>>> print(open('final_36.txt').read())   # compact mmCIF, C-alpha atoms
# COMPACT_ATOMS: atom_id res chain seq x y z
CA MET A 51 2.41 -98.75 -30.39
CA THR A 52 3.69 -102.05 -29.07
CA ALA A 53 6.36 -102.41 -26.44
CA ALA A 54 9.79 -103.10 -27.84
CA VAL A 55 10.50 -105.50 -25.02
CA GLU A 56 9.62 -109.15 -25.29
CA THR A 57 12.44 -110.47 -23.12
CA ILE A 58 11.13 -109.38 -19.73
CA ARG A 59 7.51 -109.68 -18.82
CA ASP A 60 6.58 -107.14 -16.19
CA ALA A 61 3.98 -108.14 -13.65
CA PRO A 62 1.00 -105.85 -13.15
CA PHE A 63 0.99 -104.06 -9.83
CA THR A 64 -1.66 -103.79 -7.20
CA ILE A 65 -2.69 -100.84 -5.04
CA GLY A 66 -5.40 -101.24 -2.46
CA GLY A 67 -6.64 -104.45 -4.04
CA ARG A 68 -6.86 -103.00 -7.57
CA THR A 69 -4.54 -104.20 -10.30
CA PHE A 70 -3.03 -101.84 -12.86
CA HIS A 71 -0.86 -102.40 -15.89
CA SER A 72 0.38 -98.93 -16.67
CA ARG A 73 2.97 -97.65 -14.23
CA LEU A 74 2.44 -94.11 -15.45
CA MET A 75 -0.26 -92.10 -13.73
CA VAL A 76 -1.19 -88.63 -14.88
CA GLY A 77 -2.90 -85.51 -13.62
CA THR A 78 -5.47 -83.35 -15.39
CA GLY A 79 -4.43 -79.87 -14.27
CA LYS A 80 -2.99 -76.91 -16.17
CA TYR A 81 -3.58 -78.10 -19.73
CA ARG A 82 -4.13 -75.34 -22.25
CA ASP A 83 -7.36 -76.96 -23.37
CA ASN A 84 -9.38 -80.06 -22.64
CA GLU A 85 -8.86 -81.59 -26.05
CA THR A 86 -5.08 -81.59 -25.56
CA MET A 87 -5.53 -83.06 -22.09
CA VAL A 88 -7.73 -85.89 -23.31
CA ARG A 89 -5.34 -86.75 -26.15
CA ALA A 90 -2.26 -86.59 -23.92
CA ILE A 91 -3.86 -88.89 -21.35
CA GLU A 92 -4.86 -91.31 -24.05
CA VAL A 93 -1.34 -91.41 -25.53
CA SER A 94 0.26 -91.76 -22.08
CA GLY A 95 -1.48 -95.11 -21.64
CA ALA A 96 -2.26 -94.16 -18.04
CA GLU A 97 -5.06 -95.95 -16.25
CA ILE A 98 -5.01 -93.87 -13.08
CA VAL A 99 -5.88 -90.21 -13.62
CA THR A 100 -5.98 -87.65 -10.83
CA VAL A 101 -8.58 -84.94 -10.31
CA ALA A 102 -9.11 -82.19 -7.75
CA VAL A 103 -12.18 -81.21 -5.71
CA ARG A 104 -13.30 -77.59 -5.96
CA ARG A 105 -16.38 -75.45 -5.62
CA VAL A 106 -18.74 -75.42 -8.57
CA ASP A 107 -18.64 -72.06 -10.32
CA LEU A 108 -22.18 -70.80 -9.85
CA ASP A 109 -21.72 -68.04 -12.41
CA ARG A 110 -20.42 -70.47 -15.04
CA THR A 111 -17.42 -68.29 -15.85
CA ARG A 112 -15.06 -71.23 -15.57
CA GLU A 113 -15.24 -74.53 -17.37
CA ALA A 114 -17.54 -77.35 -16.48
CA GLY A 115 -16.33 -80.21 -14.34
CA ILE A 116 -13.70 -82.64 -15.54
CA LEU A 117 -16.23 -85.47 -15.82
CA TYR A 118 -17.57 -83.83 -18.96
CA HIS A 119 -14.23 -84.67 -20.59
CA LEU A 120 -13.05 -87.87 -18.93
CA ASP A 121 -15.07 -91.04 -18.85
CA PRO A 122 -14.94 -92.61 -15.37
CA LYS A 123 -15.55 -95.97 -17.01
CA LYS A 124 -12.41 -95.62 -19.09
CA TYR A 125 -10.07 -94.24 -16.42
CA PHE A 126 -9.58 -94.93 -12.75
CA LEU A 127 -10.18 -91.50 -11.28
CA LEU A 128 -8.06 -90.71 -8.25
CA ALA A 129 -9.21 -87.60 -6.40
CA ASN A 130 -6.66 -85.55 -4.51
CA THR A 131 -6.70 -83.25 -1.52
CA ALA A 132 -4.44 -80.70 -3.23
CA GLY A 133 -4.53 -77.29 -1.65
CA CYS A 134 -5.29 -78.60 1.84
CA HIS A 135 -3.03 -77.33 4.61
CA THR A 136 -4.47 -79.17 7.60
CA ALA A 137 -5.39 -82.77 8.32
CA GLU A 138 -8.96 -81.64 9.01
CA ASP A 139 -9.28 -80.00 5.59
CA ALA A 140 -7.77 -82.98 3.82
CA VAL A 141 -10.21 -85.35 5.52
CA ARG A 142 -13.09 -83.06 4.56
CA TYR A 143 -12.01 -82.96 0.91
CA ALA A 144 -11.44 -86.72 0.83
CA ARG A 145 -14.95 -87.38 2.09
CA LEU A 146 -16.44 -84.99 -0.46
CA ALA A 147 -14.41 -86.70 -3.18
CA ARG A 148 -15.69 -90.12 -2.17
CA GLU A 149 -19.23 -88.91 -2.79
CA GLY A 150 -18.21 -87.16 -5.99
CA GLY A 151 -18.85 -89.91 -8.41
CA GLY A 152 -19.05 -92.93 -6.22
CA PHE A 153 -16.09 -94.28 -8.17
CA ASN A 154 -13.81 -95.65 -5.53
CA GLU A 155 -12.39 -95.34 -2.04
CA PHE A 156 -9.02 -94.11 -3.27
CA ILE A 157 -7.65 -90.73 -2.30
CA LYS A 158 -4.37 -89.07 -3.12
CA LEU A 159 -3.66 -87.41 0.19
CA GLU A 160 -1.82 -84.12 0.20
CA VAL A 161 -1.37 -81.96 3.28
CA ILE A 162 0.78 -79.00 2.33
CA GLY A 163 3.05 -77.47 4.95
CA ASP A 164 4.74 -74.68 3.03
CA GLN A 165 3.23 -72.63 0.25
CA GLU A 166 6.52 -71.79 -1.48
CA THR A 167 7.83 -75.34 -1.84
CA LEU A 168 4.50 -77.18 -1.45
CA LEU A 169 6.37 -79.64 0.73
CA PRO A 170 4.15 -81.80 2.90
CA ASP A 171 3.23 -81.15 6.52
CA VAL A 172 4.33 -84.51 7.86
CA GLN A 173 2.36 -84.35 11.11
CA GLY A 174 -0.84 -83.33 9.36
CA LEU A 175 -0.25 -85.95 6.71
CA LEU A 176 0.12 -88.76 9.24
CA ALA A 177 -2.92 -87.61 11.20
CA ALA A 178 -5.07 -87.44 8.06
CA ALA A 179 -3.74 -90.77 6.79
CA ARG A 180 -4.71 -92.52 10.04
CA THR A 181 -8.19 -91.00 10.03
CA LEU A 182 -8.86 -91.82 6.39
CA ALA A 183 -7.46 -95.35 6.53
CA LYS A 184 -9.70 -96.09 9.53
CA ASP A 185 -12.60 -94.63 7.57
CA GLY A 186 -12.09 -97.21 4.81
CA PHE A 187 -10.13 -95.10 2.35
CA GLN A 188 -7.30 -96.45 0.25
CA VAL A 189 -4.83 -93.69 0.97
CA LEU A 190 -2.04 -92.82 -1.45
CA ALA A 191 0.04 -90.37 0.53
CA TYR A 192 2.11 -87.67 -1.14
CA THR A 193 5.19 -87.23 1.00
CA ASN A 194 8.82 -86.20 0.92
CA GLU A 195 11.65 -88.66 0.44
CA ASP A 196 12.15 -89.20 4.17
CA LEU A 197 12.27 -92.89 5.03
CA VAL A 198 10.90 -92.62 8.56
CA THR A 199 7.87 -90.64 7.40
CA ALA A 200 7.27 -93.24 4.69
CA LEU A 201 7.45 -96.03 7.27
CA ARG A 202 4.99 -94.21 9.53
CA LEU A 203 2.61 -93.71 6.61
CA GLU A 204 2.73 -97.43 5.92
CA ASP A 205 2.03 -98.11 9.61
CA ALA A 206 -0.88 -95.67 9.40
CA GLY A 207 -2.51 -97.97 6.85
CA CYS A 208 -1.70 -96.22 3.58
CA ALA A 209 -2.28 -98.27 0.43
CA ALA A 210 0.69 -96.60 -1.26
CA VAL A 211 3.32 -94.06 -0.38
CA MET A 212 4.21 -91.36 -2.89
CA PRO A 213 7.54 -89.69 -2.30
CA LEU A 214 8.35 -86.68 -4.45
CA ALA A 215 11.12 -86.58 -7.03
CA SER A 216 11.32 -82.81 -6.46
CA PRO A 217 8.77 -80.11 -5.57
CA ILE A 218 5.39 -80.14 -7.30
CA GLY A 219 5.49 -78.44 -10.68
CA SER A 220 9.25 -77.78 -10.49
CA GLY A 221 10.39 -80.21 -13.18
CA LEU A 222 13.73 -80.57 -11.39
CA GLY A 223 13.76 -84.33 -11.76
CA LEU A 224 14.81 -86.90 -9.18
CA LEU A 225 16.85 -84.98 -6.61
CA ASN A 226 17.35 -87.77 -4.09
CA PRO A 227 17.58 -91.17 -5.79
CA TYR A 228 19.02 -92.69 -2.64
CA GLY A 229 16.06 -91.54 -0.53
CA VAL A 230 13.49 -92.87 -2.97
CA ARG A 231 15.37 -96.15 -3.43
CA THR A 232 15.62 -96.64 0.31
CA ILE A 233 11.89 -96.08 0.74
CA LYS A 234 11.20 -98.64 -1.96
CA HIS A 235 13.53 -101.16 -0.30
CA ARG A 236 11.93 -100.81 3.08
CA LEU A 237 8.20 -100.54 2.38
CA LYS A 238 5.84 -103.38 1.62
CA VAL A 239 3.16 -101.19 0.07
CA PRO A 240 3.67 -99.83 -3.45
CA VAL A 241 5.88 -96.76 -3.82
CA VAL A 242 4.84 -94.33 -6.53
CA VAL A 243 6.95 -91.25 -7.13
CA ASP A 244 4.73 -88.21 -7.34
CA ALA A 245 5.81 -84.77 -8.53
CA GLY A 246 8.94 -83.18 -9.91
CA VAL A 247 9.60 -85.24 -13.03
CA GLY A 248 10.35 -82.81 -15.87
CA THR A 249 11.21 -84.85 -18.92
CA ALA A 250 11.57 -88.42 -20.15
CA SER A 251 15.06 -89.00 -18.75
CA ASP A 252 13.81 -88.01 -15.27
CA ALA A 253 11.04 -90.59 -15.55
CA CYS A 254 13.45 -93.24 -16.73
CA VAL A 255 15.97 -92.64 -13.92
CA THR A 256 13.13 -92.63 -11.40
CA MET A 257 11.79 -95.98 -12.59
CA GLU A 258 15.33 -97.39 -12.54
CA GLN A 259 15.28 -96.96 -8.75
CA GLY A 260 12.78 -99.81 -8.65
CA VAL A 261 9.70 -97.83 -7.67
CA ASP A 262 6.30 -99.16 -8.70
CA GLY A 263 5.22 -96.17 -10.74
CA ILE A 264 5.25 -92.43 -11.34
CA LEU A 265 2.51 -89.84 -11.14
CA MET A 266 3.06 -86.67 -13.14
CA ASN A 267 1.05 -83.70 -14.33
CA THR A 268 3.02 -80.57 -15.17
CA ALA A 269 5.65 -82.45 -17.19
CA LEU A 270 2.93 -83.21 -19.71
CA ALA A 271 0.69 -80.17 -19.36
CA ALA A 272 3.53 -77.64 -19.59
CA ALA A 273 5.45 -79.34 -22.41
CA ARG A 274 5.42 -77.51 -25.72
CA ASP A 275 3.67 -80.54 -27.16
CA PRO A 276 1.89 -82.36 -24.31
CA VAL A 277 0.72 -85.22 -26.53
CA ALA A 278 4.23 -85.96 -27.79
CA MET A 279 5.61 -85.69 -24.25
CA ALA A 280 2.96 -88.13 -23.07
CA HIS A 281 4.28 -90.57 -25.65
CA ALA A 282 7.87 -89.97 -24.50
CA MET A 283 6.88 -90.50 -20.87
CA ARG A 284 5.11 -93.72 -21.66
CA LEU A 285 8.26 -95.05 -23.31
CA ALA A 286 10.52 -93.69 -20.54
CA VAL A 287 8.53 -95.25 -17.73
CA GLU A 288 8.54 -98.55 -19.55
CA ALA A 289 12.26 -98.28 -20.39
CA GLY A 290 13.17 -97.43 -16.80
CA ARG A 291 11.07 -100.25 -15.45
CA VAL A 292 12.55 -102.84 -17.77
CA ALA A 293 16.10 -101.55 -17.12
CA TYR A 294 15.45 -101.98 -13.41
CA LEU A 295 14.21 -105.53 -13.94
CA ALA A 296 17.14 -106.26 -16.26
CA GLY A 297 19.61 -105.18 -13.56
CA ARG A 298 22.20 -102.63 -14.51
CA MET A 299 25.93 -103.35 -14.74
CA PRO A 300 28.05 -102.31 -11.78
CA LYS A 301 29.59 -98.85 -11.91
CA ARG A 302 33.41 -98.80 -11.98
CA GLU A 303 35.89 -96.02 -11.49
CA VAL A 304 38.19 -97.48 -14.15
CA ALA A 305 37.78 -98.34 -17.80
CA VAL A 306 37.38 -101.97 -18.79
CA PRO A 307 37.92 -102.67 -22.48
CA SER A 308 35.05 -104.22 -24.36
CA SER A 309 37.27 -105.70 -27.06
CA PRO A 310 39.82 -108.50 -26.46
CA LEU A 311 43.37 -107.47 -25.51
CA GLU A 312 44.67 -110.61 -27.18
CA GLY A 313 45.14 -110.89 -30.92
CA MET A 314 46.51 -107.40 -31.40
CA LEU A 315 49.03 -106.95 -34.23
CA ASP A 316 52.75 -106.62 -33.40
CA MET B 215 -44.22 -63.26 5.33
CA ASN B 216 -41.14 -63.16 3.14
CA ASP B 217 -41.14 -66.12 0.76
CA THR B 218 -37.35 -66.33 0.50
CA ILE B 219 -34.59 -67.01 3.02
CA ASP B 220 -30.90 -66.18 2.93
CA VAL B 221 -28.36 -68.99 2.86
CA THR B 222 -24.67 -69.10 2.00
CA VAL B 223 -23.82 -71.12 -1.09
CA ASN B 224 -20.12 -71.56 -1.89
CA GLY B 225 -19.29 -68.62 0.32
CA GLU B 226 -21.84 -66.28 -1.24
CA ARG B 227 -25.12 -65.15 0.23
CA ARG B 228 -28.11 -66.21 -1.83
CA ALA B 229 -31.85 -65.92 -1.47
CA VAL B 230 -33.68 -69.21 -1.91
CA ALA B 231 -37.34 -70.10 -1.68
CA ARG B 232 -38.55 -70.78 1.83
CA GLY B 233 -39.03 -74.50 2.30
CA ALA B 234 -36.77 -75.40 -0.64
CA THR B 235 -34.92 -78.70 -0.48
CA LEU B 236 -31.29 -79.13 -1.48
CA LEU B 237 -32.45 -80.89 -4.64
CA GLU B 238 -34.62 -77.88 -5.53
CA LEU B 239 -31.68 -75.58 -4.85
CA LEU B 240 -29.57 -77.56 -7.33
CA ARG B 241 -32.36 -77.35 -9.91
CA THR B 242 -32.65 -73.60 -9.40
CA LEU B 243 -28.91 -73.29 -9.98
CA GLU B 244 -29.19 -75.58 -13.04
CA LEU B 245 -26.74 -78.08 -11.57
CA ASP B 246 -26.85 -81.78 -12.31
CA PRO B 247 -27.07 -83.62 -8.97
CA ARG B 248 -25.14 -86.53 -10.48
CA VAL B 249 -21.94 -84.51 -10.78
CA VAL B 250 -22.20 -82.23 -7.75
CA VAL B 251 -21.50 -83.13 -4.14
CA VAL B 252 -23.49 -81.24 -1.53
CA GLU B 253 -22.20 -80.35 1.90
CA HIS B 254 -24.86 -78.91 4.17
CA ASN B 255 -23.60 -77.24 7.35
CA ARG B 256 -20.42 -79.33 7.09
CA ALA B 257 -22.26 -82.62 6.65
CA ILE B 258 -22.30 -84.41 3.31
CA VAL B 259 -25.79 -85.09 2.01
CA ARG B 260 -25.92 -88.08 -0.27
CA ARG B 261 -27.75 -87.84 -3.55
CA PRO B 262 -30.83 -89.90 -2.63
CA LYS B 263 -31.37 -87.66 0.42
CA LEU B 264 -31.12 -84.30 -1.36
CA GLY B 265 -34.88 -84.09 -1.77
CA ASP B 266 -35.41 -84.75 1.95
CA VAL B 267 -33.31 -81.93 3.37
CA THR B 268 -34.91 -78.50 3.62
CA VAL B 269 -32.68 -75.47 3.84
CA ALA B 270 -33.00 -73.08 6.74
CA PRO B 271 -31.99 -69.42 7.09
CA GLY B 272 -28.24 -69.04 7.59
CA ASP B 273 -27.36 -72.51 6.35
CA ALA B 274 -23.92 -72.94 4.82
CA ILE B 275 -24.01 -75.02 1.66
CA GLU B 276 -21.00 -76.08 -0.37
CA LEU B 277 -21.43 -77.43 -3.88
CA VAL B 278 -18.30 -79.11 -5.21
CA HIS B 279 -17.26 -81.16 -8.19
CA PHE B 280 -14.14 -82.55 -9.81
CA VAL B 281 -11.84 -80.28 -11.76
CA GLY B 282 -8.43 -80.77 -13.36
CA GLY B 283 -5.66 -81.40 -10.88
CA GLY B 284 -2.50 -83.33 -10.26
>>> encode(input="final_36.txt", output="structure tokens")
Amino acid sequence: MTAAVETIRDAPFTIGGRTFHSRLMVGTGKYRDNETMVRAIEVSGAEIVTVAVRRVDLDRTREAGILYHLDPKKYFLLANTAGCHTAEDAVRYARLAREGGGFNEFIKLEVIGDQETLLPDVQGLLAAARTLAKDGFQVLAYTNEDLVTALRLEDAGCAAVMPLASPIGSGLGLLNPYGVRTIKHRLKVPVVVDAGVGTASDACVTMEQGVDGILMNTALAAARDPVAMAHAMRLAVEAGRVAYLAGRMPKREVAVPSSPLEGMLD
Amino acid sequence: MNDTIDVTVNGERRAVARGATLLELLRTLELDPRVVVVEHNRAIVRRPKLGDVTVAPGDAIELVHFVGGG
């Protein structure tokens, strides 16, 4: 499938010294089966694919590791610290992840502060970000849409800041466009919206805020047809990005006719 | 003398051969060292060193890998 847009050429974007072309990043969790996951990821066009770090199942009752299904040569695997509630745990998981395949120094840092909303623990997040950045990690920090926290994460040495659209797995879409837009305006490092996108229009509106990309998982995995939704998301991310670059018309409170007022019949 | 020792692997007590290395432990568990990360008493042991580290009674060993996640 080729892009419909020839009029605006989007520049690739860079995180932590690595250049990417797809602005859509996807997770690998919660798919009904691995075949669907692999096809959805392929159709999404994503280059960056997230994975989690967990204990090996010694009794083999669960499935084998994700590397049996995803080729680390084909995708840029981004490990996360999902499930960690303290800075110490997140640092531990990040270090284990770095050894996991020897792929890269990138980590998607999550430090969860509340189990019901999965909102981040800002203090733990900042502490872990500082430690990991000093340790040579390229930290992509999952955070809320608070500007000051985002600024502090940038100061801490994060390679990218990832404000949420809405809580993880909620599918509520972009709840605070202003917050996300403000973060994008103020930060120098890339801003990638992570979590909360539910359907294609959410992705499009999010990209229209000018952010560098979107990371999503449940929107694909929990769709009735994950492969088709992956296609929709690919188009939506591209559409939103190009609309942002094109520059939208100003909003007005009054109607302005599109057809001439002159030349009307008597 | 008992020829096995008790260690904790992924939170579960397991008997392993006395004098076994971490690499031998992985082989016993039929795990591919290329896709498993080993943490031995909270310290990561890199793959080339797995054959050099001998487990001792009471050691805590974590064996992790990548799974699906967001």
>>> residues_around(input="final_36.txt", residues="B:Glu244", least_positions_apart="4", cutoff="12 Å", atoms="all atoms listed in the file", output="list of chain:residue names")
A:Val106, A:Asp107, A:Leu108, A:Asp109, A:Arg110, B:Leu237, B:Glu238, B:Leu239, B:Leu240, B:Arg248, B:Val249, B:Val250
>>> interface_residues(input="final_36.txt", of="chain A", to="chain B", cutoff="10 Å", atoms="all atoms listed in the file", output="VMD selection string")
chain A and resid 75 to 81 84 87 99 to 109 113 to 118 127 to 132 142 to 143 145 to 152 158 218 to 219 244 to 245 265 to 268
>>> atom_distance(input="final_36.txt", atom1="atom CA of A:Pro213", atom2="atom CA of A:Ile58")
26.5 Å
>>> closest_residue(input="final_36.txt", among="A:Asp316, A:Glu97, A:Glu92, A:Asp275", to="A:Gly263", atoms="all atoms listed in the file")
A:Glu97
>>> residues_near_point(input="final_36.txt", point="(-35.3, -64.3, 4.8)", cutoff="10 Å", atoms="all atoms listed in the file", output="number ranges by chain")
B: 215-221, 228-232, 270-272
>>> atom_distance(input="final_36.txt", atom1="atom CA of A:Leu203", atom2="atom CA of A:Ser94")
28.9 Å
>>> residues_around(input="final_36.txt", residues="B:Val269", least_positions_apart="4", cutoff="7 Å", atoms="only C-alpha atoms", output="compact mmCIF listing (two decimals) with C-alpha atoms, in the coordinates of the input")
# COMPACT_ATOMS: atom_id res chain seq x y z
CA GLY B 233 -39.03 -74.50 2.30
CA ALA B 234 -36.77 -75.40 -0.64
CA THR B 235 -34.92 -78.70 -0.48
CA LEU B 236 -31.29 -79.13 -1.48
CA ASP B 273 -27.36 -72.51 6.35
>>> atom_distance(input="final_36.txt", atom1="atom CA of A:Asp83", atom2="atom CA of A:Ala250")
22.4 Å
>>> closest_residue(input="final_36.txt", among="A:Leu222, A:Ile233, A:Ala210, A:Ala280", to="A:Val198", atoms="only C-alpha atoms")
A:Ile233
>>> residues_around(input="final_36.txt", residues="A:Glu138", least_positions_apart="3", cutoff="12 Å", atoms="only C-alpha atoms", output="list in words")
Thr131, Cys134, His135, Val141, Arg142, Tyr143, Ala144, Arg145, Leu159, Glu160, Val161, Gln173, Gly174, Leu175, Leu176, Ala177, Ala178, Ala179, Arg180, Thr181 and Leu182 of chain A; Arg256 of chain B
>>> axis_aligned_box(input="final_36.txt", around="stretch 254-261 of chain B", padding_each_side="4 Å", output="JSON")
{"center_x": -24.1, "center_y": -82.7, "center_z": 1.9, "size_x": 15.3, "size_y": 18.8, "size_z": 18.9}
>>> closest_residue(input="final_36.txt", among="A:Ile264, A:Leu74, A:Ile65, A:Val304", to="A:Val189", atoms="only C-alpha atoms")
A:Ile65
>>> residues_around(input="final_36.txt", residues="A:Asn226", least_positions_apart="6", cutoff="9 Å", atoms="all atoms listed in the file", output="list of chain:residue names")
A:Glu195, A:Ala215, A:Ser216
